[in-house]
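Structure below is start21.cif: mmCIF, C-alpha atoms.
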data_model
#
loop_
_atom_site.label_atom_id
_atom_site.label_comp_id
_atom_site.auth_asym_id
_atom_site.auth_seq_id
_atom_site.Cartn_x
_atom_site.Cartn_y
_atom_site.Cartn_z
CA PRO A 1 118.14 98.82 89.82
CA LYS A 2 117.86 96.50 92.79
CA LEU A 3 114.96 97.39 95.03
CA ASN A 4 115.65 97.03 98.72
CA ILE A 5 113.60 97.46 101.84
CA ARG A 6 113.23 101.22 102.26
CA MET A 7 113.58 102.77 105.68
CA GLU A 8 113.29 106.49 106.31
CA GLY A 9 113.35 107.02 110.04
CA PHE A 10 110.19 104.96 110.58
CA SER A 11 109.08 103.33 113.83
CA LEU A 12 105.84 101.55 114.68
CA LEU A 13 105.74 103.35 118.00
CA ASP A 14 105.33 106.66 116.14
CA CYS A 15 101.76 105.62 115.34
CA HIS A 16 98.69 105.59 117.58
CA CYS A 17 96.83 103.01 115.48
CA LEU A 18 98.16 99.97 113.66
CA GLY A 19 96.01 98.17 111.10
CA TRP A 20 96.40 95.00 109.03
CA ASP A 21 94.90 93.46 105.96
CA LEU A 22 94.01 89.77 106.25
CA ASP A 23 94.97 87.73 103.19
CA HIS A 24 98.71 87.51 102.44
CA THR A 25 99.39 89.87 105.35
CA LEU A 26 98.20 88.58 108.72
CA VAL A 27 97.44 85.26 107.05
CA ARG A 28 100.23 83.71 105.03
CA TYR A 29 99.39 81.07 102.46
CA ASN A 30 101.35 78.26 100.89
CA LEU A 31 101.10 80.01 97.55
CA LYS A 32 101.81 77.07 95.26
CA ASN A 33 98.99 75.04 96.81
CA VAL A 34 96.41 77.81 97.09
CA ASP A 35 97.00 79.11 93.56
CA ALA A 36 96.62 75.60 92.13
CA LEU A 37 93.35 75.31 94.04
CA ILE A 38 92.08 78.61 92.63
CA PHE A 39 93.08 77.55 89.10
CA ASN A 40 91.18 74.28 89.43
CA CYS A 41 88.11 76.00 90.90
CA MET A 42 88.02 78.42 87.96
CA LYS A 43 88.39 75.59 85.45
CA ARG A 44 85.53 73.72 87.08
CA TYR A 45 83.30 76.77 86.87
CA LEU A 46 84.05 77.25 83.17
CA VAL A 47 83.02 73.68 82.35
CA GLU A 48 80.14 73.20 84.78
CA LYS A 49 78.65 76.70 84.85
CA ALA A 50 79.82 78.63 81.80
CA GLY A 51 79.37 76.10 79.01
CA TYR A 52 83.00 75.45 78.10
CA VAL A 53 83.87 72.13 76.49
CA ARG A 54 85.00 69.39 78.87
CA GLU A 55 88.50 69.32 77.36
CA VAL A 56 89.16 72.63 79.14
CA SER A 57 89.17 70.72 82.43
CA GLN A 58 92.31 68.92 81.22
CA ILE A 59 94.38 72.11 81.10
CA GLU A 60 97.23 71.78 83.60
CA TYR A 61 98.37 74.67 85.75
CA ASP A 62 101.84 76.16 85.21
CA PRO A 63 102.57 78.07 88.43
CA SER A 64 105.52 79.88 86.85
CA PHE A 65 103.42 81.72 84.27
CA GLY A 66 100.95 83.78 86.27
CA LYS A 67 102.63 86.33 88.55
CA LYS A 68 101.49 89.29 90.59
CA GLY A 69 102.13 92.59 88.82
CA LEU A 70 101.23 91.52 85.28
CA VAL A 71 98.68 93.41 83.18
CA ILE A 72 96.18 91.67 80.93
CA ASP A 73 95.08 93.29 77.67
CA LYS A 74 91.58 91.82 77.62
CA LEU A 75 90.81 92.93 74.07
CA SER A 76 93.96 91.55 72.44
CA GLY A 77 94.53 88.35 74.39
CA ASN A 78 97.91 89.58 75.58
CA ILE A 79 99.54 89.27 79.01
CA LEU A 80 102.04 92.07 79.60
CA LYS A 81 104.86 93.15 81.84
CA ILE A 82 105.04 96.95 81.88
CA ASP A 83 107.49 99.43 83.32
CA SER A 84 106.98 102.51 85.48
CA LYS A 85 106.16 104.55 82.36
CA SER A 86 103.41 102.04 81.42
CA GLU A 87 105.42 100.81 78.44
CA VAL A 88 105.48 97.14 77.45
CA VAL A 89 108.69 95.36 78.45
CA ARG A 90 107.63 91.91 77.31
CA GLY A 91 104.42 90.14 76.54
CA TYR A 92 102.71 86.94 75.46
CA HIS A 93 99.72 86.23 73.29
CA GLY A 94 98.42 83.20 75.10
CA THR A 95 101.72 81.56 76.00
CA ARG A 96 103.42 82.58 72.73
CA ALA A 97 106.02 85.32 73.21
CA LEU A 98 105.26 88.53 71.34
CA THR A 99 108.05 89.76 69.10
CA ASP A 100 109.23 93.36 69.25
CA GLU A 101 107.56 93.93 65.91
CA GLU A 102 104.22 92.66 67.23
CA ILE A 103 104.48 94.79 70.37
CA ILE A 104 105.22 97.91 68.30
CA ALA A 105 102.40 97.08 65.87
CA GLN A 106 99.89 96.89 68.72
CA TYR A 107 101.21 99.51 71.15
CA GLY A 108 103.14 101.90 68.91
CA GLU A 109 106.80 102.81 68.63
CA SER A 110 106.85 103.90 72.26
CA ARG A 111 105.29 100.55 73.29
CA SER A 112 102.98 102.59 75.48
CA THR A 113 99.77 101.38 77.12
CA SER A 114 97.10 103.56 78.65
CA PHE A 115 97.32 101.70 81.95
CA VAL A 116 97.47 104.04 84.97
CA GLY A 117 97.02 101.59 87.85
CA CYS A 118 93.28 100.92 87.70
CA SER A 119 91.66 98.11 85.75
CA ASN A 120 89.43 99.39 82.96
CA GLU A 121 87.63 98.21 79.81
CA LYS A 122 90.90 97.25 78.14
CA TYR A 123 93.32 96.36 80.94
CA TRP A 124 93.19 94.29 84.11
CA SER A 125 96.06 94.28 86.58
CA LEU A 126 96.97 91.26 88.69
CA THR A 127 97.55 93.02 92.01
CA THR A 128 97.10 90.08 94.41
CA TYR A 129 98.40 86.53 94.61
CA PHE A 130 94.81 85.29 94.37
CA GLU A 131 94.68 86.65 90.82
CA SER A 132 97.96 85.12 89.65
CA PRO A 133 96.37 81.86 88.37
CA LEU A 134 94.00 83.93 86.26
CA ALA A 135 96.83 84.87 83.90
CA HIS A 136 97.76 81.30 83.07
CA LEU A 137 94.16 80.15 82.64
CA TYR A 138 93.48 83.08 80.29
CA ALA A 139 96.62 82.32 78.28
CA ALA A 140 95.83 78.60 78.18
CA LEU A 141 92.28 79.25 76.94
CA ILE A 142 93.62 81.42 74.13
CA ASP A 143 96.07 78.68 73.14
CA PHE A 144 93.36 76.03 73.37
CA PHE A 145 90.85 77.80 71.15
CA GLU A 146 93.32 79.21 68.64
CA ARG A 147 94.65 75.71 68.00
CA ARG A 148 91.05 74.68 67.26
CA ARG A 149 89.75 77.79 65.55
CA HIS A 150 88.71 75.82 62.44
CA GLN A 151 86.52 73.35 64.32
CA GLU A 152 82.98 74.20 63.29
CA ASP A 153 81.38 72.62 66.35
CA LEU A 154 83.46 74.66 68.81
CA ASP A 155 81.99 77.75 70.46
CA TYR A 156 84.86 80.13 69.80
CA ARG A 157 84.68 83.30 71.91
CA ASP A 158 86.52 86.58 71.65
CA TYR A 159 89.35 87.39 74.04
CA ASN A 160 87.28 89.62 76.28
CA SER A 161 84.58 86.97 76.62
CA HIS A 162 87.15 84.45 77.83
CA PHE A 163 88.44 86.94 80.35
CA SER A 164 84.96 87.83 81.59
CA ALA A 165 84.16 84.15 82.09
CA ILE A 166 87.31 83.71 84.19
CA VAL A 167 86.47 86.73 86.36
CA ASP A 168 82.97 85.31 86.81
CA ALA A 169 84.60 82.05 87.92
CA LEU A 170 86.73 83.90 90.46
CA ASN A 171 83.72 85.80 91.82
CA TYR A 172 81.61 82.64 91.99
CA ASN A 173 84.15 81.03 94.28
CA PHE A 174 85.00 84.06 96.46
CA SER A 175 81.98 86.33 96.80
CA GLU A 176 79.53 84.13 98.73
CA TRP A 177 80.21 81.84 101.68
CA GLY A 178 78.76 78.38 101.10
CA ARG A 179 79.07 78.58 97.31
CA GLY A 180 81.73 77.20 95.01
CA TRP A 181 84.62 74.84 95.71
CA TYR A 182 87.31 77.11 97.15
CA PHE A 183 85.92 77.78 100.64
CA PRO A 184 85.05 74.16 101.48
CA GLU A 185 88.52 72.95 100.47
CA ILE A 186 90.21 75.54 102.72
CA PHE A 187 87.73 74.69 105.49
CA HIS A 188 88.41 70.95 105.40
CA HIS A 189 92.18 71.08 104.75
CA PRO A 190 93.60 74.34 106.12
CA GLU A 191 96.98 72.73 106.80
CA ARG A 192 97.56 72.40 103.04
CA TYR A 193 97.09 76.09 102.38
CA LEU A 194 97.79 78.13 105.53
CA GLN A 195 100.81 78.75 107.74
CA LYS A 196 100.60 79.03 111.51
CA GLN A 197 101.68 82.44 112.78
CA ASP A 198 102.96 81.87 116.32
CA ARG A 199 105.68 84.55 116.19
CA VAL A 200 103.32 87.16 114.75
CA LEU A 201 100.72 86.23 117.39
CA GLN A 202 103.11 87.10 120.21
CA TRP A 203 104.23 90.25 118.37
CA LEU A 204 100.63 91.47 118.13
CA LYS A 205 100.03 90.75 121.81
CA ASP A 206 103.12 92.78 122.72
CA LEU A 207 102.05 95.73 120.58
CA LYS A 208 98.70 95.83 122.33
CA GLU A 209 99.61 94.92 125.91
CA LYS A 210 103.12 96.32 126.33
CA HIS A 211 102.91 99.32 124.03
CA ASN A 212 99.21 100.15 124.39
CA LYS A 213 98.58 100.45 120.65
CA PHE A 214 95.12 100.48 119.10
CA LEU A 215 95.05 97.51 116.71
CA PHE A 216 92.54 96.91 113.95
CA LEU A 217 92.01 94.29 111.26
CA LEU A 218 90.60 95.65 107.98
CA THR A 219 89.73 93.18 105.24
CA ASN A 220 87.48 92.75 102.23
CA SER A 221 87.02 89.09 103.12
CA LEU A 222 83.72 87.67 104.31
CA PRO A 223 83.22 87.28 108.07
CA GLU A 224 83.02 83.47 107.95
CA TYR A 225 86.21 83.19 105.90
CA THR A 226 87.99 85.69 108.14
CA ASP A 227 87.08 83.64 111.20
CA LEU A 228 88.21 80.40 109.52
CA LEU A 229 91.63 81.79 108.58
CA MET A 230 92.33 83.63 111.81
CA THR A 231 91.22 80.73 114.01
CA TYR A 232 93.62 78.36 112.24
CA CYS A 233 96.55 80.81 112.16
CA TYR A 234 96.10 82.58 115.52
CA GLY A 235 93.80 80.45 117.66
CA ASP A 236 90.22 80.54 118.90
CA ASN A 237 90.68 83.83 120.76
CA TRP A 238 92.01 85.76 117.77
CA THR A 239 89.48 88.61 118.06
CA GLN A 240 91.05 89.58 121.40
CA LEU A 241 94.18 90.65 119.52
CA PHE A 242 92.33 93.61 117.99
CA ASP A 243 90.31 96.53 119.25
CA VAL A 244 88.29 96.59 116.03
CA VAL A 245 87.71 93.94 113.36
CA SER A 246 86.27 95.25 110.06
CA VAL A 247 85.20 92.67 107.47
CA ASP A 248 83.74 93.02 103.96
CA ALA A 249 85.17 96.54 104.02
CA ARG A 250 85.12 97.03 100.23
CA LYS A 251 88.53 98.65 100.00
CA PRO A 252 89.44 100.99 98.39
CA VAL A 253 85.93 102.42 98.90
CA TRP A 254 86.46 102.14 102.68
CA PHE A 255 89.14 104.84 102.42
CA THR A 256 87.09 107.27 100.33
CA SER A 257 83.34 106.73 100.89
CA PRO A 258 80.94 107.27 103.83
CA GLN A 259 79.54 103.73 103.71
CA PRO A 260 78.03 102.77 107.10
CA TYR A 261 79.27 100.36 109.75
CA TYR A 262 77.15 97.55 111.14
CA GLU A 263 78.01 95.14 113.94
CA PHE A 264 78.35 91.45 113.24
CA GLU A 265 78.53 88.49 115.57
CA ILE A 266 80.89 85.53 115.30
CA ILE A 267 79.00 82.29 115.93
CA PRO A 268 81.38 79.44 116.87
CA ASN A 269 81.17 76.47 114.53
CA VAL A 270 81.03 73.94 117.37
CA HIS A 271 80.30 71.01 115.04
CA LYS A 272 83.11 71.94 112.63
CA GLU A 273 80.80 71.51 109.66
CA TYR A 274 80.84 73.41 106.39
CA PRO A 275 79.36 75.91 105.77
CA GLY A 276 78.43 76.10 109.45
CA PRO A 277 76.51 78.98 111.04
CA LYS A 278 76.34 82.36 109.34
CA HIS A 279 77.81 85.26 111.27
CA PRO A 280 74.76 87.54 111.51
CA ILE A 281 75.01 91.24 110.73
CA ARG A 282 73.05 93.41 113.12
CA LYS A 283 71.58 96.36 111.28
CA ASP A 284 69.69 97.69 114.31
CA GLU A 285 66.47 98.26 112.42
CA GLY A 286 68.26 100.07 109.64
CA HIS A 287 70.25 102.48 111.80
CA PRO A 288 73.95 102.24 111.05
CA ILE A 289 76.65 102.82 113.64
CA THR A 290 78.19 106.29 113.56
CA SER A 291 80.81 105.87 116.30
CA ILE A 292 82.89 102.84 117.26
CA THR A 293 85.63 102.07 119.76
CA LYS A 294 85.82 98.27 120.06
CA GLY A 295 84.09 95.28 118.48
CA ASN A 296 83.47 93.38 115.24
CA TYR A 297 82.03 95.33 112.34
CA TYR A 298 80.92 94.99 108.75
CA GLY A 299 81.49 97.58 105.99
CA GLY A 300 82.23 101.05 107.32
CA ASN A 301 84.76 103.75 106.52
CA TYR A 302 87.97 105.21 107.87
CA ARG A 303 86.38 108.35 109.32
CA ILE A 304 84.16 106.47 111.78
CA LEU A 305 87.09 104.29 112.90
CA ILE A 306 89.48 107.19 113.46
CA ASN A 307 86.84 109.44 115.06
CA GLY A 308 85.98 106.66 117.50
CA PHE A 309 89.61 106.23 118.52
CA ALA A 310 90.17 109.99 118.79
CA SER A 311 87.09 110.40 120.98
CA SER A 312 88.18 107.63 123.33
CA MET A 313 91.64 109.20 123.68
CA LYS A 314 90.33 112.79 123.87
CA MET A 315 92.31 113.72 120.76
CA LYS A 316 91.52 115.56 117.56
CA SER A 317 90.92 113.16 114.67
CA GLU A 318 93.45 115.00 112.50
CA ASP A 319 96.15 114.33 115.12
CA VAL A 320 95.72 110.54 115.01
CA THR A 321 98.61 108.76 113.30
CA VAL A 322 98.01 105.42 111.57
CA CYS A 323 100.15 102.72 109.98
CA TYR A 324 98.51 100.16 107.72
CA PHE A 325 99.99 96.84 106.55
CA GLY A 326 98.82 95.16 103.36
CA ASP A 327 99.76 93.25 100.23
CA HIS A 328 97.40 94.83 97.70
CA LEU A 329 99.56 97.53 96.19
CA ARG A 330 96.62 99.70 95.18
CA ASN A 331 93.74 99.00 97.57
CA ASP A 332 95.94 98.74 100.67
CA ILE A 333 99.06 100.80 100.06
CA GLN A 334 98.57 103.37 97.31
CA VAL A 335 95.14 104.64 98.37
CA SER A 336 95.79 104.79 102.13
CA LYS A 337 99.01 106.71 101.48
CA ALA A 338 97.74 109.05 98.75
CA VAL A 339 94.30 109.80 100.20
CA LEU A 340 94.88 109.66 103.96
CA GLN A 341 98.66 110.11 104.25
CA TRP A 342 98.85 107.05 106.49
CA SER A 343 102.17 105.34 107.03
CA THR A 344 102.25 102.11 105.04
CA VAL A 345 104.04 98.76 105.19
CA ALA A 346 103.79 96.69 102.01
CA ILE A 347 104.01 92.91 102.17
CA VAL A 348 105.92 91.86 99.05
CA GLU A 349 106.83 88.18 99.14
CA GLU A 350 109.02 88.58 96.07
CA LEU A 351 111.56 90.25 98.37
CA GLU A 352 112.50 86.81 99.67
CA ASP A 353 114.24 86.12 96.38
CA LEU A 354 116.33 89.29 96.75
CA GLU A 355 117.21 88.30 100.29
CA ILE A 356 118.48 84.94 99.07
CA GLU A 357 120.48 86.70 96.36
CA ALA A 358 122.03 88.88 99.08
CA GLY A 359 123.02 85.80 101.07
CA PHE A 360 120.34 86.16 103.72
CA VAL A 361 118.84 83.03 105.28
CA ALA A 362 115.42 83.42 106.92
CA PRO A 363 115.95 83.60 110.70
CA GLU A 364 112.85 81.52 111.36
CA GLY A 365 114.66 78.49 109.97
CA ALA A 366 118.41 78.64 109.54
CA GLY A 367 119.41 76.73 106.45
CA LYS A 368 115.85 76.62 105.11
CA ARG A 369 114.64 78.53 102.09
CA PRO A 370 111.73 80.82 102.94
CA SER A 371 108.40 79.08 102.37
CA ASN A 372 107.31 80.87 99.18
CA ALA A 373 110.72 81.93 97.85
CA ASP A 374 110.79 79.50 94.91
CA TYR A 375 107.24 80.36 93.92
CA CYS A 376 107.84 84.13 93.95
CA SER A 377 111.30 84.08 92.39
CA ASP A 378 112.33 85.44 88.99
CA ASN A 379 111.44 83.04 86.19
CA LYS A 380 111.90 82.38 82.48
CA TRP A 381 108.56 83.93 81.53
CA TRP A 382 108.72 87.31 83.25
CA GLY A 383 112.01 87.85 85.04
CA SER A 384 111.90 90.09 88.10
CA PHE A 385 108.79 91.50 89.78
CA PHE A 386 110.80 94.66 90.50
CA GLU A 387 113.02 95.26 87.48
CA ALA A 388 111.80 96.24 84.04
CA SER A 389 115.21 97.17 82.66
CA ALA A 390 118.63 98.30 83.83
CA THR A 391 117.23 101.77 84.54
CA LEU A 392 113.51 101.33 85.27
CA HIS A 393 111.34 99.59 87.80
CA THR A 394 108.25 97.70 86.76
CA PHE A 395 104.96 99.54 87.14
CA TRP A 396 104.06 97.88 90.42
CA GLY A 397 107.64 97.75 91.66
CA ASN A 398 107.67 101.51 91.31
CA GLU A 399 104.39 101.77 93.24
CA VAL A 400 106.06 99.99 96.15
CA VAL A 401 108.87 102.55 96.14
CA GLU A 402 106.53 105.51 95.83
CA HIS A 403 103.87 104.61 98.39
CA ALA A 404 105.31 102.22 100.99
CA ASP A 405 107.30 103.55 103.95
CA LEU A 406 108.59 100.05 104.56
CA TYR A 407 108.39 96.89 102.48
CA ILE A 408 109.05 93.40 103.74
CA PRO A 409 108.40 89.83 102.55
CA SER A 410 106.30 88.88 105.59
CA LEU A 411 105.26 90.13 109.02
CA THR A 412 107.61 87.58 110.54
CA ARG A 413 110.53 89.83 109.57
CA LEU A 414 109.36 92.53 111.98
CA THR A 415 109.11 90.11 114.89
CA HIS A 416 112.91 90.02 114.99
CA TYR A 417 113.06 93.72 115.90
CA SER A 418 111.87 95.56 118.98
CA ALA A 419 108.73 97.63 118.47
CA ALA A 420 110.82 100.74 119.16
CA HIS A 421 113.30 99.98 116.37
CA ARG A 422 113.68 102.90 114.00
CA PHE A 423 114.09 101.83 110.41
CA ARG A 424 116.18 104.10 108.25
CA GLU A 425 117.01 104.22 104.58
CA SER A 426 119.60 101.57 103.78
CA PRO A 427 121.46 100.56 100.59
CA THR A 428 121.14 96.88 101.46
CA VAL A 429 118.45 94.34 102.21
CA VAL A 430 117.66 94.34 105.92
CA ILE A 431 119.00 91.40 107.88
CA PRO A 432 117.48 90.92 111.36
CA PRO A 433 119.90 91.27 114.27
CA SER A 434 120.03 87.54 115.05
CA GLN A 435 121.02 86.76 111.46
CA ARG A 436 123.62 89.54 111.33
CA ASP A 437 125.22 88.10 114.45
CA HIS A 438 125.21 84.63 112.89
CA GLN A 439 126.86 85.93 109.71
CA ALA A 440 129.45 87.86 111.74
CA HIS A 441 130.25 84.71 113.66
CA GLN A 442 130.71 82.78 110.42
CA ALA A 443 133.06 85.47 109.08
CA ASN A 444 135.13 85.44 112.26
CA THR A 445 135.49 81.68 112.28
CA SER A 446 136.17 81.12 108.60
#
Could the structure of this file be written out as structure tokens, please?
Amino acid sequence: PKLNIRMEGFSLLDCHCLGWDLDHTLVRYNLKNVDALIFNCMKRYLVEKAGYVREVSQIEYDPSFGKKGLVIDKLSGNILKIDSKSEVVRGYHGTRALTDEEIIAQYGESRSTSFVGCSNEKYWSLTTYFESPLAHLYAALIDFFERRRHQEDLDYRDYNSHFSAIVDALNYNFSEWGRGWYFPEIFHHPERYLQKQDRVLQWLKDLKEKHNKFLFLLTNSLPEYTDLLMTYCYGDNWTQLFDVVSVDARKPVWFTSPQPYYEFEIIPNVHKEYPGPKHPIRKDEGHPITSITKGNYYGGNYRILINGFASSMKMKSEDVTVCYFGDHLRNDIQVSKAVLQWSTVAIVEELEDLEIEAGFVAPEGAGKRPSNADYCSDNKWWGSFFEASATLHTFWGNEVVEHADLYIPSLTRLTHYSAAHRFRESPTVVIPPSQRDHQAHQANTS
């Protein structure tokens, strides 16, 4: 089945509070460039920090192989595409396609995995674009070592060890500001990796100033990285767009745990040097914040945020309605919907390919292909992000349908509608009003 943007009588103005994730939501990357950077940073870690042979650094990145939504069988060295019933649709051992006989031999006649949406000892799901390069590096390492398995001087590792080393490489580059090679490259060359968001900037201002909405940014990213991205994409005064900024939130724990909030301060990097000043976290002599209304915070949980808003508006917390936007199909969309019953908007860049198939041209550039459309399109390795078969969605395609009230390829799509627009269920991909008018004009003049 074709998945389309789902609309069920949903309007942003129905909600008191509107919240956004950072990466791949408020901030849009040039995916081909940023994924190649991540791949190269992981390779460098393996050789320089994890003891891999120098030949590994010669592995070239194939951006078509690693895609969001895949599941890695860490114990078998397999990369899998699974359907909504968690059954294997296709798979590769390294980059070698698994035959039906091999899939049945490993996963049974039903081709069933035990994957239920959470990574575990056997499976790891690629649920963000940041993780996409991991799949190809893992597959390439398996190919590399299996071609050389008879070399006595080679340190051959089991499949899980390779995977653990790659995850260590990812964490090394993302978990601490001032360490690794990823952050400094983004810092020095943001234009290669980030897209300015002028339309979204004005849209956010209108939501806050014209419609009096409470806006919050909620991200797992570090404060220094958050500031770097938002300053480039939205300008030096980006914090004024939001009532509350929450960094290093540790989603999905933020939605389910009473972890405390602490204030943090953004220190301008006046000399534009990396790593620049740290953004200090004020722990007030060990006493966490129990009520917030406005400001920049670290950690925290949903209850403190919502209670603070409710108190300021003289409402009951249970009466506060929230809509959250994010790209992480579990940490952003599934948990906030299932646990808190928030309204959710999923950012799914793969929808751009469906829009092109439907004859839709992005309104932000008539005649231009959307920026990441080629990168997110169906390909020879995996086919569609959404379709597993003629009758079933993929596992993560189904999660979009089940847990997102609205799903769109980018926030820019919403800037072509008024904030009061009520989205309703539709059998077709949504085309913004300006584009519908353009298509109608073409039909009338042809």
**Report entry** Contact residues around A:Asp327 with only C-alpha atoms at 12 Å, ignoring same-chain residues under 6 positions, as a PyMOL selection string
**Finding:** chain A and resi 20-28+68-69+127-130+219+333-334+344-350+396+399-400+404+406-411
Could the residues in this selection be written to a file with C-alpha atoms, as a PDB file, in the frame of the given file?
ATOM      1  CA  TRP A  20      96.400  95.000 109.030  1.00  0.00           C
ATOM      2  CA  ASP A  21      94.900  93.460 105.960  1.00  0.00           C
ATOM      3  CA  LEU A  22      94.010  89.770 106.250  1.00  0.00           C
ATOM      4  CA  ASP A  23      94.970  87.730 103.190  1.00  0.00           C
ATOM      5  CA  HIS A  24      98.710  87.510 102.440  1.00  0.00           C
ATOM      6  CA  THR A  25      99.390  89.870 105.350  1.00  0.00           C
ATOM      7  CA  LEU A  26      98.200  88.580 108.720  1.00  0.00           C
ATOM      8  CA  VAL A  27      97.440  85.260 107.050  1.00  0.00           C
ATOM      9  CA  ARG A  28     100.230  83.710 105.030  1.00  0.00           C
ATOM     10  CA  LYS A  68     101.490  89.290  90.590  1.00  0.00           C
ATOM     11  CA  GLY A  69     102.130  92.590  88.820  1.00  0.00           C
ATOM     12  CA  THR A 127      97.550  93.020  92.010  1.00  0.00           C
ATOM     13  CA  THR A 128      97.100  90.080  94.410  1.00  0.00           C
ATOM     14  CA  TYR A 129      98.400  86.530  94.610  1.00  0.00           C
ATOM     15  CA  PHE A 130      94.810  85.290  94.370  1.00  0.00           C
ATOM     16  CA  THR A 219      89.730  93.180 105.240  1.00  0.00           C
ATOM     17  CA  ILE A 333      99.060 100.800 100.060  1.00  0.00           C
ATOM     18  CA  GLN A 334      98.570 103.370  97.310  1.00  0.00           C
ATOM     19  CA  THR A 344     102.250 102.110 105.040  1.00  0.00           C
ATOM     20  CA  VAL A 345     104.040  98.760 105.190  1.00  0.00           C
ATOM     21  CA  ALA A 346     103.790  96.690 102.010  1.00  0.00           C
ATOM     22  CA  ILE A 347     104.010  92.910 102.170  1.00  0.00           C
ATOM     23  CA  VAL A 348     105.920  91.860  99.050  1.00  0.00           C
ATOM     24  CA  GLU A 349     106.830  88.180  99.140  1.00  0.00           C
ATOM     25  CA  GLU A 350     109.020  88.580  96.070  1.00  0.00           C
ATOM     26  CA  TRP A 396     104.060  97.880  90.420  1.00  0.00           C
ATOM     27  CA  GLU A 399     104.390 101.770  93.240  1.00  0.00           C
ATOM     28  CA  VAL A 400     106.060  99.990  96.150  1.00  0.00           C
ATOM     29  CA  ALA A 404     105.310 102.220 100.990  1.00  0.00           C
ATOM     30  CA  LEU A 406     108.590 100.050 104.560  1.00  0.00           C
ATOM     31  CA  TYR A 407     108.390  96.890 102.480  1.00  0.00           C
ATOM     32  CA  ILE A 408     109.050  93.400 103.740  1.00  0.00           C
ATOM     33  CA  PRO A 409     108.400  89.830 102.550  1.00  0.00           C
ATOM     34  CA  SER A 410     106.300  88.880 105.590  1.00  0.00           C
ATOM     35  CA  LEU A 411     105.260  90.130 109.020  1.00  0.00           C
TER      36      LEU A 411
END
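A search radius of 10 Å centred on (90.0, 86.6, 110.3), applied to all atoms listed in the file, returns the residues Asp21, Leu22, Asp23, Leu26, Val27, Leu217, Leu218, Thr219, Ser221, Leu222, Pro223, Glu224, Tyr225, Thr226, Asp227, Leu228, Leu229, Met230, Thr231, Tyr232, Cys233, Tyr234, Trp238, Thr239, Val245, Ser246 and Val247 of chain A.
Applied to the file shown here, the PyMOL selection byres ((chain A and resi 381) around 9) selects Ser64, Phe65, Gly66, Gly91, Tyr92, Ala97, Asp378, Asn379, Lys380, Trp382 and Gly383 of chain A.
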Report task. Enter the distance from atom CA of A:Tyr297 to atom CA of A:Val244, in Å, rounded to one decimal. Result -> 7.4 Å
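Residues matched by the PyMOL selection byres ((chain A and resi 29) around 6) in this file: Arg28, Asn30, Leu31, Tyr193, Leu194 and Gln195 of chain A.
Taking all atoms listed in the file into account, A:Arg330 lies nearest to A:Gly117 out of the set A:Gly117, A:Glu209, A:Pro260, A:Arg303.
The coordinates place atom CA of A:Val335 at 26.1 Å from atom CA of A:Phe163.
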Requested in this report: Expand the PyMOL selection byres ((chain A and resi 275) around 9) into the individual residues it matches in the shown file, reporting them as a ChimeraX atom specification.
Outcome: /A:177-179,183-184,187,224,269,272-274,276-278
**Report entry** Who sits within 9 Å of A:Ser110, only C-alpha atoms, same chain under 5 positions skipped, as a ChimeraX atom specification
**Finding:** /A:87-88,104
Would you be able to write out as a PDB file with C-alpha atoms, keeping the file's coordinate frame which residues have an atom within 12 Å of (89.9, 109.7, 114.4) in the file's coordinates, counting all atoms listed in the file?
ATOM      1  CA  HIS A  16      98.690 105.590 117.580  1.00  0.00           C
ATOM      2  CA  CYS A  17      96.830 103.010 115.480  1.00  0.00           C
ATOM      3  CA  PHE A 214      95.120 100.480 119.100  1.00  0.00           C
ATOM      4  CA  SER A 291      80.810 105.870 116.300  1.00  0.00           C
ATOM      5  CA  ILE A 292      82.890 102.840 117.260  1.00  0.00           C
ATOM      6  CA  THR A 293      85.630 102.070 119.760  1.00  0.00           C
ATOM      7  CA  ASN A 301      84.760 103.750 106.520  1.00  0.00           C
ATOM      8  CA  TYR A 302      87.970 105.210 107.870  1.00  0.00           C
ATOM      9  CA  ARG A 303      86.380 108.350 109.320  1.00  0.00           C
ATOM     10  CA  ILE A 304      84.160 106.470 111.780  1.00  0.00           C
ATOM     11  CA  LEU A 305      87.090 104.290 112.900  1.00  0.00           C
ATOM     12  CA  ILE A 306      89.480 107.190 113.460  1.00  0.00           C
ATOM     13  CA  ASN A 307      86.840 109.440 115.060  1.00  0.00           C
ATOM     14  CA  GLY A 308      85.980 106.660 117.500  1.00  0.00           C
ATOM     15  CA  PHE A 309      89.610 106.230 118.520  1.00  0.00           C
ATOM     16  CA  ALA A 310      90.170 109.990 118.790  1.00  0.00           C
ATOM     17  CA  SER A 311      87.090 110.400 120.980  1.00  0.00           C
ATOM     18  CA  SER A 312      88.180 107.630 123.330  1.00  0.00           C
ATOM     19  CA  MET A 313      91.640 109.200 123.680  1.00  0.00           C
ATOM     20  CA  LYS A 314      90.330 112.790 123.870  1.00  0.00           C
ATOM     21  CA  MET A 315      92.310 113.720 120.760  1.00  0.00           C
ATOM     22  CA  LYS A 316      91.520 115.560 117.560  1.00  0.00           C
ATOM     23  CA  SER A 317      90.920 113.160 114.670  1.00  0.00           C
ATOM     24  CA  GLU A 318      93.450 115.000 112.500  1.00  0.00           C
ATOM     25  CA  ASP A 319      96.150 114.330 115.120  1.00  0.00           C
ATOM     26  CA  VAL A 320      95.720 110.540 115.010  1.00  0.00           C
ATOM     27  CA  THR A 321      98.610 108.760 113.300  1.00  0.00           C
ATOM     28  CA  VAL A 322      98.010 105.420 111.570  1.00  0.00           C
ATOM     29  CA  LEU A 340      94.880 109.660 103.960  1.00  0.00           C
TER      30      LEU A 340
END
